$ cat work17.cif   # mmCIF, C-alpha atoms and all ligand atoms
data_data
#
loop_
_atom_site.label_atom_id
_atom_site.label_comp_id
_atom_site.auth_asym_id
_atom_site.auth_seq_id
_atom_site.Cartn_x
_atom_site.Cartn_y
_atom_site.Cartn_z
CA MET H 34 -6.50 8.99 13.30
CA LYS H 35 -3.85 11.64 13.94
CA PHE H 36 -0.77 12.60 11.94
CA SER H 37 1.26 11.12 14.78
CA ASP H 38 -0.29 7.71 13.97
CA ILE H 39 1.10 7.76 10.42
CA ILE H 40 4.21 5.75 9.54
CA GLY H 41 6.86 8.04 8.03
CA ASN H 42 5.91 10.48 5.25
CA GLU H 43 6.78 13.60 7.26
CA LYS H 44 7.17 15.63 4.07
CA ALA H 45 3.63 14.86 2.87
CA ILE H 46 2.24 15.56 6.35
CA ASN H 47 4.00 18.93 6.42
CA GLN H 48 2.56 19.80 3.02
CA ILE H 49 -0.94 18.91 4.23
CA ARG H 50 -0.50 20.87 7.46
CA HIS H 51 0.58 23.86 5.46
CA ILE H 52 -2.38 23.86 3.06
CA VAL H 53 -4.87 23.36 5.90
CA ASP H 54 -3.29 25.93 8.24
CA SER H 55 -3.19 28.53 5.49
CA ASP H 56 -6.77 27.65 4.51
CA HIS H 57 -5.74 26.82 0.95
CA ILE H 58 -7.37 23.43 0.91
CA PRO H 59 -7.89 22.23 -2.67
CA HIS H 60 -11.30 20.89 -3.66
CA ALA H 61 -9.69 17.68 -4.78
CA LEU H 62 -6.60 16.35 -3.07
CA LEU H 63 -4.99 13.17 -4.37
CA LEU H 64 -2.81 11.08 -2.07
CA HIS H 65 -1.08 8.46 -4.15
CA GLY H 66 1.70 5.89 -3.89
CA ASP H 67 2.28 2.20 -4.38
CA PRO H 68 -0.06 -0.31 -2.68
CA GLY H 69 2.38 -1.16 0.10
CA ILE H 70 2.22 2.41 1.46
CA PRO H 71 -0.61 3.21 3.90
CA LYS H 72 -2.46 6.20 2.49
CA LEU H 73 -6.03 5.86 3.69
CA ALA H 74 -4.85 6.45 7.24
CA LEU H 75 -3.32 9.76 6.14
CA ALA H 76 -6.54 10.73 4.35
CA ARG H 77 -8.45 10.10 7.58
CA ALA H 78 -5.88 12.01 9.63
CA THR H 79 -6.18 14.90 7.16
CA ALA H 80 -9.99 14.99 7.47
CA GLN H 81 -9.71 14.87 11.25
CA TYR H 82 -7.16 17.70 11.20
CA ILE H 83 -9.37 19.83 8.96
CA HIS H 84 -12.36 19.33 11.27
CA CYS H 85 -10.56 19.49 14.63
CA THR H 86 -11.65 22.52 16.64
CA ASN H 87 -8.54 22.54 18.78
CA ARG H 88 -5.51 21.77 16.60
CA THR H 89 -2.43 21.44 18.76
CA ASP H 90 1.24 21.25 17.76
CA GLY H 91 0.45 20.68 14.11
CA ASP H 92 -1.89 17.78 14.79
CA SER H 93 -5.55 17.22 15.58
CA CYS H 94 -6.19 17.23 19.33
CA GLY H 95 -7.84 13.80 19.55
CA HIS H 96 -10.23 15.04 22.27
CA CYS H 97 -12.65 17.59 20.83
CA PRO H 98 -16.15 16.38 19.85
CA SER H 99 -15.14 16.43 16.20
CA CYS H 100 -12.02 14.31 16.77
CA LEU H 101 -14.02 11.85 18.87
CA GLN H 102 -16.56 11.50 16.06
CA HIS H 103 -13.77 10.92 13.56
CA GLN H 104 -12.14 8.32 15.77
CA SER H 105 -15.39 6.40 16.16
CA LEU H 106 -16.08 6.72 12.39
CA ASN H 107 -19.22 8.72 13.12
CA HIS H 108 -18.38 12.16 11.80
CA GLY H 109 -21.52 13.56 10.16
CA ASP H 110 -19.66 15.59 7.52
CA THR H 111 -17.22 12.90 6.45
CA PHE H 112 -18.17 10.27 3.89
CA PHE H 113 -16.40 7.32 2.33
CA SER H 114 -16.58 5.87 -1.14
CA PHE H 115 -14.76 2.67 -2.04
CA PRO H 116 -14.88 -0.17 -4.56
CA VAL H 117 -17.47 -2.87 -3.96
CA THR H 118 -18.68 -5.96 -5.75
CA GLY H 119 -21.72 -7.82 -6.68
CA LYS H 120 -24.92 -6.00 -7.34
CA GLY H 121 -24.35 -4.18 -10.63
CA GLU H 122 -24.69 -0.48 -11.50
CA ASN H 123 -26.95 0.25 -8.55
CA THR H 124 -24.39 -0.87 -6.00
CA THR H 125 -23.16 1.81 -3.63
CA SER H 126 -20.55 1.94 -0.90
CA ASP H 127 -23.25 2.45 1.74
CA MET H 128 -24.44 -1.12 1.15
CA PHE H 129 -21.09 -2.29 2.51
CA ILE H 130 -20.63 0.23 5.29
CA ALA H 131 -20.47 -2.46 8.02
CA GLU H 132 -17.69 -4.27 6.13
CA TRP H 133 -15.93 -0.96 5.55
CA ARG H 134 -15.95 -0.04 9.24
CA LYS H 135 -14.51 -3.44 10.03
CA PHE H 136 -11.89 -2.94 7.31
CA ILE H 137 -10.55 0.37 8.55
CA THR H 138 -10.72 -0.71 12.16
CA ASP H 139 -8.96 -4.05 11.62
CA SER H 140 -6.58 -2.98 8.90
CA PRO H 141 -5.31 0.57 9.45
CA ILE H 142 -2.68 -0.18 6.82
CA GLU H 143 -5.38 -0.97 4.24
CA ASN H 144 -4.61 -4.41 2.95
CA TYR H 145 -6.54 -4.69 -0.33
CA GLU H 146 -6.56 -8.49 -0.14
CA TYR H 147 -8.28 -8.23 3.22
CA TRP H 148 -10.91 -5.94 1.69
CA LEU H 149 -11.62 -8.63 -0.92
CA THR H 150 -12.13 -11.21 1.80
CA LEU H 151 -14.56 -8.89 3.61
CA LEU H 152 -16.52 -8.46 0.37
CA LYS H 153 -16.76 -12.25 0.36
CA ASN H 154 -16.09 -12.26 -3.33
CA GLU H 155 -12.39 -12.83 -3.73
CA ASN H 156 -12.38 -13.46 -7.46
CA ALA H 157 -14.45 -10.44 -8.44
CA GLN H 158 -13.00 -7.09 -9.44
CA PRO H 159 -14.54 -4.49 -7.12
CA LEU H 160 -15.62 -1.24 -8.75
CA ILE H 161 -17.12 2.11 -7.88
CA TYR H 162 -20.35 2.13 -9.85
CA ALA H 163 -22.45 4.91 -11.40
CA ALA H 164 -24.96 4.87 -8.53
CA GLU H 165 -22.15 5.87 -6.21
CA SER H 166 -21.72 9.22 -7.94
CA ASN H 167 -25.42 9.98 -7.31
CA ALA H 168 -24.97 9.05 -3.67
CA ILE H 169 -21.94 11.32 -3.47
CA LEU H 170 -23.84 14.17 -5.10
CA ARG H 171 -26.64 13.78 -2.57
CA LYS H 172 -24.32 13.68 0.43
CA MET H 173 -22.19 16.57 -0.70
CA SER H 174 -25.20 18.79 -1.41
CA LEU H 175 -26.58 18.37 2.11
CA SER H 176 -25.77 21.32 4.29
CA SER H 177 -23.01 20.35 6.65
CA PHE H 178 -23.85 19.20 10.14
CA THR H 179 -21.42 21.09 12.24
CA ALA H 180 -18.23 21.57 10.32
CA LYS H 181 -17.28 24.15 7.76
CA TYR H 182 -16.25 21.49 5.26
CA LYS H 183 -17.90 18.32 4.04
CA ILE H 184 -15.25 15.78 3.15
CA LEU H 185 -15.50 12.77 0.89
CA ILE H 186 -12.67 10.27 1.13
CA MET H 187 -12.60 8.06 -1.92
CA TRP H 188 -10.41 4.98 -1.67
CA LEU H 189 -9.09 3.78 -5.04
CA PRO H 190 -10.59 6.26 -7.53
CA GLU H 191 -8.89 4.21 -10.26
CA LYS H 192 -11.65 1.65 -9.67
CA MET H 193 -14.42 4.02 -10.75
CA ASN H 194 -16.21 2.83 -13.82
CA GLU H 195 -16.63 5.36 -16.60
CA PRO H 196 -20.20 6.58 -15.90
CA CYS H 197 -19.24 7.17 -12.27
CA ALA H 198 -16.01 8.95 -13.17
CA ASN H 199 -17.79 11.25 -15.61
CA LYS H 200 -20.38 12.28 -13.05
CA LEU H 201 -17.77 12.79 -10.39
CA LEU H 202 -15.79 14.91 -12.80
CA LYS H 203 -18.66 17.38 -12.95
CA LEU H 204 -18.67 17.60 -9.17
CA ILE H 205 -14.97 18.27 -9.11
CA GLU H 206 -15.17 20.78 -11.97
CA GLU H 207 -17.92 22.80 -10.33
CA PRO H 208 -17.35 22.20 -6.67
CA ASP H 209 -19.44 23.40 -3.83
CA PRO H 210 -17.09 25.80 -2.00
CA ASP H 211 -17.47 23.82 1.21
CA SER H 212 -16.73 20.38 -0.16
CA ILE H 213 -13.40 18.61 -0.25
CA PHE H 214 -12.60 15.40 -2.07
CA ILE H 215 -9.66 13.40 -0.81
CA LEU H 216 -8.79 10.69 -3.31
CA VAL H 217 -6.52 7.86 -2.20
CA SER H 218 -4.92 5.95 -5.04
CA ASN H 219 -2.67 2.92 -5.42
CA SER H 220 -2.21 3.66 -9.10
CA ALA H 221 -2.60 7.29 -10.10
CA LYS H 222 -1.88 6.54 -13.77
CA ASP H 223 -5.15 4.62 -13.97
CA ILE H 224 -7.32 7.52 -12.82
CA LEU H 225 -9.34 9.21 -15.55
CA PRO H 226 -6.92 11.90 -16.83
CA THR H 227 -9.55 14.65 -16.66
CA ILE H 228 -10.03 13.94 -12.95
CA PHE H 229 -6.34 13.44 -12.29
CA SER H 230 -5.51 16.82 -13.83
CA ARG H 231 -7.92 18.61 -11.49
CA THR H 232 -6.39 17.29 -8.31
CA GLN H 233 -3.65 18.66 -6.16
CA ARG H 234 -1.33 15.70 -5.84
CA ILE H 235 0.81 14.50 -2.98
CA GLU H 236 2.88 11.40 -3.53
CA LEU H 237 3.52 9.19 -0.52
CA MET H 238 6.74 7.23 -0.13
CA ARG H 239 7.65 3.96 1.51
CA PRO H 240 8.68 4.63 5.11
CA SER H 241 12.10 3.50 6.28
CA VAL H 242 12.54 -0.02 7.62
CA GLU H 243 13.21 1.49 11.09
CA GLN H 244 10.00 3.57 10.99
CA ILE H 245 7.97 0.48 10.13
CA ALA H 246 9.61 -1.51 12.92
CA GLN H 247 8.96 1.31 15.37
CA TYR H 248 5.32 1.44 14.30
CA PHE H 249 4.75 -2.29 14.69
CA SER H 250 6.58 -2.52 17.97
CA SER H 251 4.46 0.28 19.43
CA THR H 252 1.06 -0.55 17.91
CA LEU H 253 1.27 -4.35 18.00
CA ALA H 254 3.65 -4.67 20.94
CA THR H 255 5.91 -6.90 18.86
CA ASP H 256 9.60 -7.30 19.36
CA TYR H 257 11.40 -4.41 17.60
CA ASP H 258 14.10 -6.61 16.05
CA GLN H 259 11.56 -9.08 14.76
CA ALA H 260 9.58 -6.21 13.19
CA LEU H 261 12.81 -4.86 11.67
CA VAL H 262 13.49 -8.21 10.03
CA ALA H 263 9.92 -8.37 8.71
CA ALA H 264 10.13 -4.84 7.28
CA ALA H 265 13.53 -5.40 5.66
CA ALA H 266 12.46 -8.66 4.07
CA ALA H 267 9.43 -6.82 2.66
CA ASP H 268 11.64 -4.08 1.19
CA ALA H 269 9.66 -1.56 3.31
CA ASN H 270 6.33 -2.52 1.77
CA VAL H 271 4.22 -2.01 4.91
CA THR H 272 1.43 -4.43 3.98
CA GLN H 273 3.96 -7.13 3.17
CA ALA H 274 5.92 -6.36 6.34
CA LEU H 275 2.83 -7.03 8.42
CA GLN H 276 2.25 -10.31 6.62
CA ASN H 277 5.85 -11.25 7.27
CA LEU H 278 5.43 -10.42 10.89
CA GLU H 279 2.36 -12.59 11.14
CA ALA H 280 4.34 -15.40 9.59
CA SER H 281 7.08 -14.97 12.16
CA SER H 282 5.69 -17.56 14.55
CA GLU H 283 6.38 -19.99 11.72
CA THR H 284 9.84 -18.47 11.43
CA LYS H 285 10.47 -19.22 15.07
CA ALA H 286 9.65 -22.87 14.47
CA PHE H 287 11.84 -22.85 11.34
CA HIS H 288 14.70 -21.40 13.33
CA GLU H 289 14.48 -24.23 15.87
CA GLN H 290 14.66 -26.80 13.06
CA PHE H 291 17.54 -24.99 11.38
CA VAL H 292 19.49 -24.95 14.64
CA ARG H 293 18.72 -28.64 15.16
CA LEU H 294 19.94 -29.52 11.67
CA MET H 295 23.20 -27.62 12.14
CA ARG H 296 23.89 -29.10 15.60
CA LEU H 297 23.22 -32.65 14.49
CA ALA H 298 25.26 -32.14 11.31
CA TYR H 299 28.17 -30.83 13.36
CA MET H 300 27.97 -33.89 15.64
CA ARG H 301 27.53 -36.17 12.60
CA ASP H 302 24.59 -37.76 14.38
CA LEU H 303 23.10 -39.53 11.38
CA LYS H 304 20.45 -41.35 13.36
CA SER H 305 18.97 -38.12 14.68
CA LEU H 306 19.38 -36.48 11.26
CA LYS H 307 17.23 -39.26 9.84
CA ALA H 308 14.56 -38.45 12.41
CA TRP H 309 14.94 -34.73 11.57
CA SER H 310 14.44 -35.36 7.85
CA GLU H 311 11.32 -37.41 8.57
CA LEU H 312 9.88 -34.63 10.69
CA ILE H 313 10.50 -31.98 8.02
CA ALA H 314 9.17 -34.32 5.33
CA ASP H 315 5.80 -34.12 7.09
CA TYR H 316 5.55 -30.43 6.17
CA LYS H 317 3.26 -29.73 3.23
CA ARG H 318 5.13 -28.99 0.01
CA GLU H 319 4.72 -25.19 0.20
CA LYS H 320 5.84 -25.14 3.82
CA SER H 321 8.94 -27.22 3.02
CA ARG H 322 9.78 -24.74 0.29
CA ARG H 323 9.47 -21.84 2.78
CA PHE H 324 11.56 -23.73 5.32
CA LEU H 325 14.37 -24.46 2.86
CA ALA H 326 14.34 -20.84 1.68
CA TYR H 327 14.60 -19.80 5.33
CA CYS H 328 17.62 -22.12 5.81
CA ALA H 329 19.32 -20.67 2.72
CA ARG H 330 18.72 -17.15 4.04
CA MET H 331 20.12 -18.09 7.48
CA VAL H 332 23.29 -19.47 5.88
CA ARG H 333 23.78 -16.20 3.99
CA GLU H 334 23.00 -14.11 7.07
CA ASN H 335 25.55 -16.09 9.09
CA PHE H 336 28.18 -15.58 6.43
CA ILE H 337 27.49 -11.83 6.53
CA TYR H 338 27.54 -11.91 10.34
CA ASN H 339 31.26 -12.68 10.15
CA LEU H 340 31.86 -9.35 8.42
CA HIS H 341 30.83 -7.57 11.64
CA VAL H 342 28.70 -4.95 9.87
CA PRO H 343 25.46 -5.12 11.89
CA GLN H 344 23.61 -2.81 9.44
CA LEU H 345 23.85 -5.58 6.83
CA ASN H 346 22.31 -8.21 9.07
CA TYR H 347 18.60 -8.76 9.56
CA LEU H 348 18.27 -11.21 12.40
CA THR H 349 15.86 -11.53 15.28
CA ALA H 350 17.33 -11.51 18.78
CA GLU H 351 17.07 -15.28 18.96
CA GLU H 352 18.67 -15.81 15.56
CA GLN H 353 21.42 -13.39 16.48
CA GLN H 354 22.18 -15.25 19.68
CA PHE H 355 22.66 -18.46 17.72
CA SER H 356 24.69 -16.71 15.01
CA SER H 357 27.14 -15.32 17.55
CA ARG H 358 28.37 -18.90 18.03
CA PHE H 359 27.46 -20.51 14.74
CA ALA H 360 28.59 -17.91 12.15
CA PRO H 361 32.29 -18.96 12.18
CA PHE H 362 31.25 -22.30 10.65
CA ILE H 363 30.03 -20.54 7.51
CA ASN H 364 32.89 -19.31 5.37
CA GLU H 365 34.03 -18.58 1.77
CA THR H 366 34.61 -22.27 1.16
CA ASN H 367 31.17 -23.60 2.04
CA VAL H 368 28.65 -20.73 1.87
CA GLN H 369 27.77 -20.96 -1.80
CA GLN H 370 27.51 -24.71 -1.92
CA MET H 371 25.41 -24.83 1.23
CA VAL H 372 22.93 -22.28 -0.17
CA ALA H 373 22.87 -24.24 -3.43
CA GLU H 374 22.07 -27.50 -1.59
CA PHE H 375 19.07 -25.91 0.13
CA SER H 376 17.73 -24.52 -3.16
CA SER H 377 18.27 -27.76 -4.98
CA ALA H 378 16.41 -29.70 -2.23
CA ALA H 379 13.54 -27.18 -2.52
CA ASN H 380 13.42 -27.74 -6.29
CA ASP H 381 13.42 -31.51 -5.91
CA ILE H 382 10.55 -31.38 -3.43
CA GLN H 383 8.68 -29.01 -5.73
CA ARG H 384 9.07 -31.61 -8.47
CA ASN H 385 7.48 -34.26 -6.27
CA ALA H 386 10.64 -36.15 -5.36
CA ASN H 387 10.38 -38.22 -2.16
CA ALA H 388 10.82 -35.58 0.55
CA LYS H 389 12.29 -37.97 3.14
CA ILE H 390 15.05 -39.05 0.78
CA VAL H 391 15.76 -35.51 -0.45
CA LEU H 392 15.95 -34.12 3.09
CA PHE H 393 18.14 -36.91 4.47
CA ASP H 394 20.45 -36.53 1.50
CA LEU H 395 20.56 -32.79 2.20
CA ALA H 396 21.35 -33.43 5.87
CA VAL H 397 24.28 -35.69 4.95
CA LYS H 398 25.67 -33.05 2.57
CA ILE H 399 25.45 -30.46 5.33
CA THR H 400 27.48 -32.69 7.70
CA ILE H 401 30.27 -32.66 5.12
CA LEU H 402 29.99 -28.96 4.26
CA ILE H 403 29.91 -27.74 7.86
CA LYS H 404 33.43 -29.11 8.47
CA LYS H 405 34.88 -27.35 5.44
ZN ZN S 1 -9.82 17.81 17.86
#
$ encode --input "work17.cif" --output "structure tokens"
Amino acid sequence: MKFSDIIGNEKAINQIRHIVDSDHIPHALLLHGDPGIPKLALARATAQYIHCTNRTDGDSCGHCPSCLQHQSLNHGDTFFSFPVTGKGENTTSDMFIAEWRKFITDSPIENYEYWLTLLKNENAQPLIYAAESNAILRKMSLSSFTAKYKILIMWLPEKMNEPCANKLLKLIEEPDPDSIFILVSNSAKDILPTIFSRTQRIELMRPSVEQIAQYFSSTLATDYDQALVAAAAADANVTQALQNLEASSETKAFHEQFVRLMRLAYMRDLKSLKAWSELIADYKREKSRRFLAYCARMVRENFIYNLHVPQLNYLTAEEQQFSSRFAPFINETNVQQMVAEFSSAANDIQRNANAKIVLFDLAVKITILIKK
């Protein structure tokens, strides 16, 4: 993991570069920010930068033996601690190292929900137990393999239970000069205050919508505009943006059905609208709700499209192509009522009304509203 792989957060990266380059690395560094901001990746990039033997242009080289070990998660002087579930006070992170490797390989943006699924215990509250602090003590007191510094990256220190936190505090209070703790927190206010106060803190911020879109389009080879829509709808929460993107194949199908509804409504083709409402009625209740919310959003987006301020519009290329012809049909007279009809249909379906009747009724109302 290199700094160049991180989404946004240039200011934090510059701060880290500066403290490493000037060899003023604190014994305990805390990277914190809300859960939608990838932070673990930056902790890993920081460790790789510290250990790289050939730093180039303010980043780790990616090629030296140390970088290669970091990239394959096999660096002998880098350890990970993280919350786990299940086996009581004696549970340590090492018992879940296979799951952990899968987690950081599959989910470089650290989706906590995904971690819970890997722990196969989705209802439990994972913790960092007392035994973990003994394991940390043991690892950090080993003489380092090759590097000057031994680094422990702890993900979610706020999940340490009290015995663990107290032991770790001792380690942080009387540090070995060659050990560095990098703590990565979703909720710094929940870290034991005595530990929190001994850290040098760097707060990470949500990247811009454009940075997220750029990241997804380059790492996942997704369409840039589609990624932009996903990021904007997630309010730049990166984890949520990725989930939105994954849902976008559904969005594509929704778009087709939205277009079909509007075309048939414009042609007043009631027979086909009946067939349309029966098809949508086959969706499960939650899916119908998402579809109707999508339709309401499309109506609003098309209204905004008429204002010709592209920065205000979040549409995929396909949606935009349709809007270029369709938007004039949405105007001051019908926009609000049309949005209201979609929400009211969603509410009726939520309340168990007959979906076929609700959707056909909706379709008929749209045929009237579209001519307004
Ligand atoms: Zn290197």
$ residues_around --input "work17.cif" --residues "Arg171 (chain H)" --least-positions-apart "5" --cutoff "12 Å" --atoms "all atoms listed in the file" --output "list of chain:residue names"
H:Phe112, H:Ala164, H:Glu165, H:Ser166, H:Ser176, H:Ser177, H:Lys183, H:Leu185, H:Leu201, H:Leu204
$ closest_residue --input "work17.cif" --among "H:Asp139, H:Asp67, H:Glu289, H:Glu365" --to "Glu236 (chain H)" --atoms "only C-alpha atoms"
H:Asp67
$ closest_residue --input "work17.cif" --among "H:His60, H:Ala298, H:Thr111, H:Ala314" --to "Ile205 (chain H)" --atoms "all atoms listed in the file"
H:His60
$ residues_near_point --input "work17.cif" --point "(13.8, -35.2, 4.9)" --cutoff "9 Å" --atoms "all atoms listed in the file" --output "mmCIF file with C-alpha atoms, in the coordinates of the input"
data_model
loop_
_atom_site.group_PDB
_atom_site.id
_atom_site.type_symbol
_atom_site.label_atom_id
_atom_site.label_comp_id
_atom_site.auth_asym_id
_atom_site.auth_seq_id
_atom_site.Cartn_x
_atom_site.Cartn_y
_atom_site.Cartn_z
ATOM 1 C CA LEU H 306 19.380 -36.480 11.260
ATOM 2 C CA LYS H 307 17.230 -39.260 9.840
ATOM 3 C CA ALA H 308 14.560 -38.450 12.410
ATOM 4 C CA TRP H 309 14.940 -34.730 11.570
ATOM 5 C CA SER H 310 14.440 -35.360 7.850
ATOM 6 C CA GLU H 311 11.320 -37.410 8.570
ATOM 7 C CA LEU H 312 9.880 -34.630 10.690
ATOM 8 C CA ILE H 313 10.500 -31.980 8.020
ATOM 9 C CA ALA H 314 9.170 -34.320 5.330
ATOM 10 C CA ASP H 315 5.800 -34.120 7.090
ATOM 11 C CA ASN H 387 10.380 -38.220 -2.160
ATOM 12 C CA ALA H 388 10.820 -35.580 0.550
ATOM 13 C CA LYS H 389 12.290 -37.970 3.140
ATOM 14 C CA ILE H 390 15.050 -39.050 0.780
ATOM 15 C CA VAL H 391 15.760 -35.510 -0.450
ATOM 16 C CA LEU H 392 15.950 -34.120 3.090
ATOM 17 C CA PHE H 393 18.140 -36.910 4.470
ATOM 18 C CA ASP H 394 20.450 -36.530 1.500
ATOM 19 C CA LEU H 395 20.560 -32.790 2.200
ATOM 20 C CA ALA H 396 21.350 -33.430 5.870
#
$ residues_near_ligand --input "work17.cif" --ligand "ligand ZN 1 (chain S)" --cutoff "8 Å" --atoms "only C-alpha atoms and all ligand atoms" --output "tab-separated table (two decimals) with C-alpha atoms, in the coordinates of the input"
chain	number	residue	atom	x	y	z
H	81	GLN	CA	-9.71	14.87	11.25
H	82	TYR	CA	-7.16	17.70	11.20
H	84	HIS	CA	-12.36	19.33	11.27
H	85	CYS	CA	-10.56	19.49	14.63
H	86	THR	CA	-11.65	22.52	16.64
H	87	ASN	CA	-8.54	22.54	18.78
H	88	ARG	CA	-5.51	21.77	16.60
H	93	SER	CA	-5.55	17.22	15.58
H	94	CYS	CA	-6.19	17.23	19.33
H	95	GLY	CA	-7.84	13.80	19.55
H	96	HIS	CA	-10.23	15.04	22.27
H	97	CYS	CA	-12.65	17.59	20.83
H	98	PRO	CA	-16.15	16.38	19.85
H	99	SER	CA	-15.14	16.43	16.20
H	100	CYS	CA	-12.02	14.31	16.77
H	101	LEU	CA	-14.02	11.85	18.87
$ atom_distance --input "work17.cif" --atom1 "CA of Val292 (chain H)" --atom2 "CA of Asn339 (chain H)"
17.6 Å
$ residues_around --input "work17.cif" --residues "region 354-361 of chain H" --least-positions-apart "5" --cutoff "10 Å" --atoms "all atoms listed in the file" --output "ChimeraX atom specification"
/H:288,292,295-296,331-340,348-349
$ residues_around --input "work17.cif" --residues "region 370-374 of chain H" --least-positions-apart "5" --cutoff "9 Å" --atoms "only C-alpha atoms" --output "list of chain:residue names"
H:Ala326, H:Cys328, H:Ala329, H:Arg330, H:Val332, H:Arg333, H:Ile363, H:Ala379, H:Leu395, H:Lys398, H:Ile399, H:Leu402, H:Ile403
$ decode --input "work17.cif" --residues "region 247-280 of chain H" --atoms "C-alpha atoms" --output "short mmCIF file (atom, residue, chain, number, x, y, z; two decimals), in the first residue's frame"
data_model
loop_
_atom_site.label_atom_id
_atom_site.label_comp_id
_atom_site.auth_asym_id
_atom_site.auth_seq_id
_atom_site.Cartn_x
_atom_site.Cartn_y
_atom_site.Cartn_z
CA GLN H 247 -11.55 8.62 -9.74
CA TYR H 248 -10.47 5.93 -7.28
CA PHE H 249 -13.27 3.54 -8.19
CA SER H 250 -12.93 4.08 -11.90
CA SER H 251 -9.21 3.29 -11.75
CA THR H 252 -9.21 0.46 -9.19
CA LEU H 253 -12.47 -1.23 -10.16
CA ALA H 254 -12.54 -0.18 -13.81
CA THR H 255 -16.06 1.17 -13.34
CA ASP H 256 -17.60 3.91 -15.37
CA TYR H 257 -16.48 7.29 -13.92
CA ASP H 258 -19.93 8.88 -14.11
CA GLN H 259 -21.56 5.90 -12.46
CA ALA H 260 -18.97 6.06 -9.65
CA LEU H 261 -19.60 9.80 -9.32
CA VAL H 262 -23.32 9.18 -8.85
CA ALA H 263 -22.60 6.48 -6.26
CA ALA H 264 -20.23 8.74 -4.33
CA ALA H 265 -22.58 11.73 -4.39
CA ALA H 266 -25.54 9.67 -3.23
CA ALA H 267 -23.37 8.42 -0.35
CA ASP H 268 -22.42 11.98 0.64
CA ALA H 269 -18.75 10.99 0.09
CA ASN H 270 -18.89 8.15 2.60
CA VAL H 271 -16.49 5.81 0.78
CA THR H 272 -17.85 2.56 2.22
CA GLN H 273 -21.39 3.57 1.35
CA ALA H 274 -20.29 4.74 -2.11
CA LEU H 275 -18.91 1.30 -2.85
CA GLN H 276 -22.15 -0.31 -1.70
CA ASN H 277 -24.06 2.07 -3.94
CA LEU H 278 -21.84 1.16 -6.82
CA GLU H 279 -22.44 -2.52 -6.25
CA ALA H 280 -26.15 -1.82 -6.28
#
